[in-house]
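Note sheet for the following structure.
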Amino acid sequence: MFCIVLAYSYLCTSKMKRLLFYIIAVLLSVCHLQAQTSNDSPNAQQARRMFNETWQMVYGLQGSQLHYAVNIIGIYKTEGTIWIKEKKSKFADQKAIAWNDDVTYYKLERKKKTVTIYDAHSDERDKTAAKFKFVPDNYTYSIKNDKRGYAITLKAKKGVKGIKEARVMLDKKTRYPLSVRIKIGIFHTTIKISDFKVGGITDDLFVFPKEQYKDYEFIDKR
């Protein structure tokens, strides 16, 4: 789904930390929707088709950029910017920056003044978030008109753990994502998306600018 597997959690409690990781999984899991099955209703087919079209905007070769803001039940607030181009990505907020050029993953923590380096395809870079990958076929899809746009609802099938329900709001004209509301257990939270742009994303954006951080401590975990 539209994801953030790049973001980091600085929450105080383990429960809130797990919740943010679920949200992260919603915003950046980089997986393609499977083909619709003959058992899907016309409404479900339309929902998956439109979801897939938006996915292509987010993860396509042209690249995309978006700003996100999360407010977890008034306890924790965070916002940042994400740049995505196929399997390459960059994430930045006030506490951290991450670069992924599809070969190497760099995680910079501003306060600690550290840069941790991982193989881009290794789960070692974030063991917790790696457990919560979004699987499209684990959900049923539906769509309806809403005064704010097209509301696509995903509901977990029986036995599916983690994200139980998600609602993706799309702009009616552009089909750009406006928000993602998710339910995990008893919690509901909404990720608001703004300043969404498609195209104009060059590969050099995902290259770690080592010269700018010479005074940081480097930790190589490849």
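Residue names in the structure tokens use chain letters A, B, ... in the order shown, residue numbers from 1 in each chain, and ligand numbers from 1 in the order shown.
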As a compact mmCIF listing (two decimals) with N, CA, C and O atoms, in the first residue's frame, please: the residues near segment 68-84 of chain A (cut-off 6 Å, only C-alpha atoms, same-chain neighbours under 4 positions excluded).
# COMPACT_ATOMS: atom_id res chain seq x y z
N GLY A 63 8.49 8.55 -10.81
CA GLY A 63 8.76 8.99 -9.45
C GLY A 63 7.66 9.86 -8.88
O GLY A 63 6.82 10.40 -9.61
N SER A 64 7.63 9.97 -7.55
CA SER A 64 6.62 10.79 -6.89
C SER A 64 7.17 11.35 -5.58
O SER A 64 8.19 10.89 -5.07
N LYS A 88 13.51 2.70 -5.28
CA LYS A 88 14.34 3.71 -4.63
C LYS A 88 13.46 4.63 -3.81
O LYS A 88 12.31 4.88 -4.16
N SER A 89 14.01 5.15 -2.71
CA SER A 89 13.19 6.00 -1.86
C SER A 89 14.07 6.87 -0.96
O SER A 89 15.24 6.58 -0.71
N LYS A 90 13.45 7.94 -0.48
CA LYS A 90 14.08 8.81 0.50
C LYS A 90 13.01 9.28 1.45
O LYS A 90 11.87 9.53 1.06
N PHE A 91 13.36 9.36 2.72
CA PHE A 91 12.43 9.80 3.76
C PHE A 91 13.12 10.86 4.62
O PHE A 91 14.32 10.75 4.90
N ALA A 92 12.38 11.88 5.02
CA ALA A 92 12.97 12.90 5.90
C ALA A 92 11.92 13.46 6.84
O ALA A 92 10.80 13.79 6.42
N ASP A 93 12.26 13.53 8.12
CA ASP A 93 11.45 14.27 9.08
C ASP A 93 12.42 15.03 9.99
O ASP A 93 13.62 15.10 9.71
N THR A 189 -6.34 5.48 13.19
CA THR A 189 -5.55 6.68 12.96
C THR A 189 -5.55 7.01 11.48
O THR A 189 -5.75 6.13 10.64
N ILE A 191 -3.50 8.95 8.25
CA ILE A 191 -2.32 9.58 7.68
C ILE A 191 -2.81 10.55 6.63
O ILE A 191 -3.41 10.15 5.64
N LYS A 192 -2.58 11.83 6.84
CA LYS A 192 -2.98 12.84 5.87
C LYS A 192 -1.85 13.06 4.87
O LYS A 192 -0.69 13.20 5.25
N ILE A 193 -2.21 13.08 3.60
CA ILE A 193 -1.22 13.22 2.53
C ILE A 193 -1.46 14.54 1.80
O ILE A 193 -2.58 14.86 1.44
From the set A:Thr140, A:Thr116, A:Asn100, A:Gln94, which residue has the shortest atom-to-atom contact distance to Gln45 of chain A, counting only C-alpha atoms?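 Once distances to Gln45 of chain A are computed over only C-alpha atoms, the minimum belongs to A:Thr140.
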Residues near segment 176-186 of chain A, cut-off 6 Å, only C-alpha atoms, skip fewer than 6 positions along chain, as a tab-separated table (two decimals) with C-alpha atoms, in the first residue's frame:
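Wrote it out as selection.tsv, contents follow:
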chain	number	residue	atom	x	y	z
A	163	ILE	CA	-4.09	-4.10	9.75
A	164	LYS	CA	-7.79	-4.98	10.02
A	165	GLU	CA	-9.17	-2.20	7.88
A	166	ALA	CA	-7.90	0.67	5.77
A	167	ARG	CA	-9.66	3.43	3.90
A	168	VAL	CA	-7.79	5.23	1.14
A	169	MET	CA	-9.26	8.54	0.01
A	170	LEU	CA	-8.53	9.58	-3.57
A	192	LYS	CA	-2.98	12.84	5.87
A	193	ILE	CA	-1.22	13.22	2.53
Students should find that atom CA of Thr104 of chain A and atom CA of Asp119 of chain A are spaced 4.9 Å
Quick one: of A:Lys95, A:Lys157, A:Lys147, A:Lys197, who's nearest to Thr114 of chain A, counting only C-alpha atoms?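 Answer, going by the shortest atom-to-atom distance: A:Lys95.
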Give the helix (DSSP H, G or I) residues of segment 108-167 of chain A, as assigned by DSSP on the backbone, as a PyMOL selection string. chain A and resi 123-130+136-138
For the selection you just gave me, I'd like the residues written to a file as a PDB file, in the first residue's frame, keeping N, CA, C and O atoms.
ATOM      1  N   ASP A 123      16.376  -7.257   5.661  1.00  0.00           N
ATOM      2  CA  ASP A 123      15.414  -6.963   6.719  1.00  0.00           C
ATOM      3  C   ASP A 123      16.107  -6.479   7.988  1.00  0.00           C
ATOM      4  O   ASP A 123      15.450  -5.986   8.904  1.00  0.00           O
ATOM      5  N   GLU A 124      17.423  -6.615   8.039  1.00  0.00           N
ATOM      6  CA  GLU A 124      18.166  -6.193   9.223  1.00  0.00           C
ATOM      7  C   GLU A 124      18.026  -4.693   9.478  1.00  0.00           C
ATOM      8  O   GLU A 124      18.161  -4.236  10.605  1.00  0.00           O
ATOM      9  N   ARG A 125      17.747  -3.944   8.432  1.00  0.00           N
ATOM     10  CA  ARG A 125      17.656  -2.497   8.601  1.00  0.00           C
ATOM     11  C   ARG A 125      16.463  -2.115   9.461  1.00  0.00           C
ATOM     12  O   ARG A 125      16.454  -1.053  10.063  1.00  0.00           O
ATOM     13  N   ASP A 126      15.449  -2.963   9.522  1.00  0.00           N
ATOM     14  CA  ASP A 126      14.277  -2.673  10.351  1.00  0.00           C
ATOM     15  C   ASP A 126      13.510  -3.965  10.572  1.00  0.00           C
ATOM     16  O   ASP A 126      12.558  -4.264   9.870  1.00  0.00           O
ATOM     17  N   LYS A 127      13.948  -4.750  11.561  1.00  0.00           N
ATOM     18  CA  LYS A 127      13.377  -6.072  11.789  1.00  0.00           C
ATOM     19  C   LYS A 127      11.898  -6.009  12.166  1.00  0.00           C
ATOM     20  O   LYS A 127      11.117  -6.881  11.786  1.00  0.00           O
ATOM     21  N   THR A 128      11.516  -4.988  12.925  1.00  0.00           N
ATOM     22  CA  THR A 128      10.126  -4.901  13.363  1.00  0.00           C
ATOM     23  C   THR A 128       9.198  -4.582  12.201  1.00  0.00           C
ATOM     24  O   THR A 128       8.189  -5.244  11.978  1.00  0.00           O
ATOM     25  N   ALA A 129       9.535  -3.544  11.436  1.00  0.00           N
ATOM     26  CA  ALA A 129       8.690  -3.157  10.317  1.00  0.00           C
ATOM     27  C   ALA A 129       8.613  -4.254   9.263  1.00  0.00           C
ATOM     28  O   ALA A 129       7.599  -4.404   8.585  1.00  0.00           O
ATOM     29  N   ALA A 130       9.679  -5.047   9.125  1.00  0.00           N
ATOM     30  CA  ALA A 130       9.698  -6.116   8.128  1.00  0.00           C
ATOM     31  C   ALA A 130       8.630  -7.168   8.392  1.00  0.00           C
ATOM     32  O   ALA A 130       8.222  -7.903   7.492  1.00  0.00           O
ATOM     33  N   PRO A 136      -1.722  -7.563  -0.574  1.00  0.00           N
ATOM     34  CA  PRO A 136      -2.992  -7.127  -1.155  1.00  0.00           C
ATOM     35  C   PRO A 136      -4.092  -8.178  -1.147  1.00  0.00           C
ATOM     36  O   PRO A 136      -5.255  -7.856  -0.908  1.00  0.00           O
ATOM     37  N   ASP A 137      -3.755  -9.444  -1.396  1.00  0.00           N
ATOM     38  CA  ASP A 137      -4.787 -10.475  -1.483  1.00  0.00           C
ATOM     39  C   ASP A 137      -5.337 -10.900  -0.128  1.00  0.00           C
ATOM     40  O   ASP A 137      -6.229 -11.748  -0.051  1.00  0.00           O
ATOM     41  N   ASN A 138      -4.837 -10.315   0.935  1.00  0.00           N
ATOM     42  CA  ASN A 138      -5.372 -10.601   2.277  1.00  0.00           C
ATOM     43  C   ASN A 138      -6.596  -9.746   2.597  1.00  0.00           C
ATOM     44  O   ASN A 138      -7.137  -9.818   3.703  1.00  0.00           O
TER      45      ASN A 138
END
Mind checking DSSP for segment 21-190 of chain A and telling me the strand (DSSP E or B) residues as a ChimeraX atom specification? /A:64-72,76-85,88-93,96-100,104-109,114-119,139-146,149-156,165-170,177-184,187-190
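For the pair atom CA of Phe51 of chain A and atom CA of Ile152 of chain A, the separation is 7.5 Å.
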How many Å separate atom CA of Thr54 of chain A from atom CA of Ser194 of chain A? 14.5 Å
Minimum-distance residue to Ile143 of chain A, chosen among A:Gln56, A:Asp195, A:Lys155, A:Asp204 (using only C-alpha atoms):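 The shortest atom-to-atom distance to Ile143 of chain A comes from A:Lys155.
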Neighbours of segment 211-213 of chain A within 10 Å (only C-alpha atoms; same-chain residues fewer than 3 positions away dropped), as a list in words? Leu108, Lys113, Thr114, Val115, Phe208, Tyr216, Glu217 and Phe218 of chain A
Hey, what's within 9 Å of Asn43 of chain A if we count only C-alpha atoms and toss same-chain stuff fewer than 2 positions away? As a ChimeraX atom specification, please? /A:40-41,45-48,141-144
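The closest residue to Asp203 of chain A, picked from A:His67, A:Lys85, A:Arg49, A:Lys158 and counting only C-alpha atoms, is A:Lys85.
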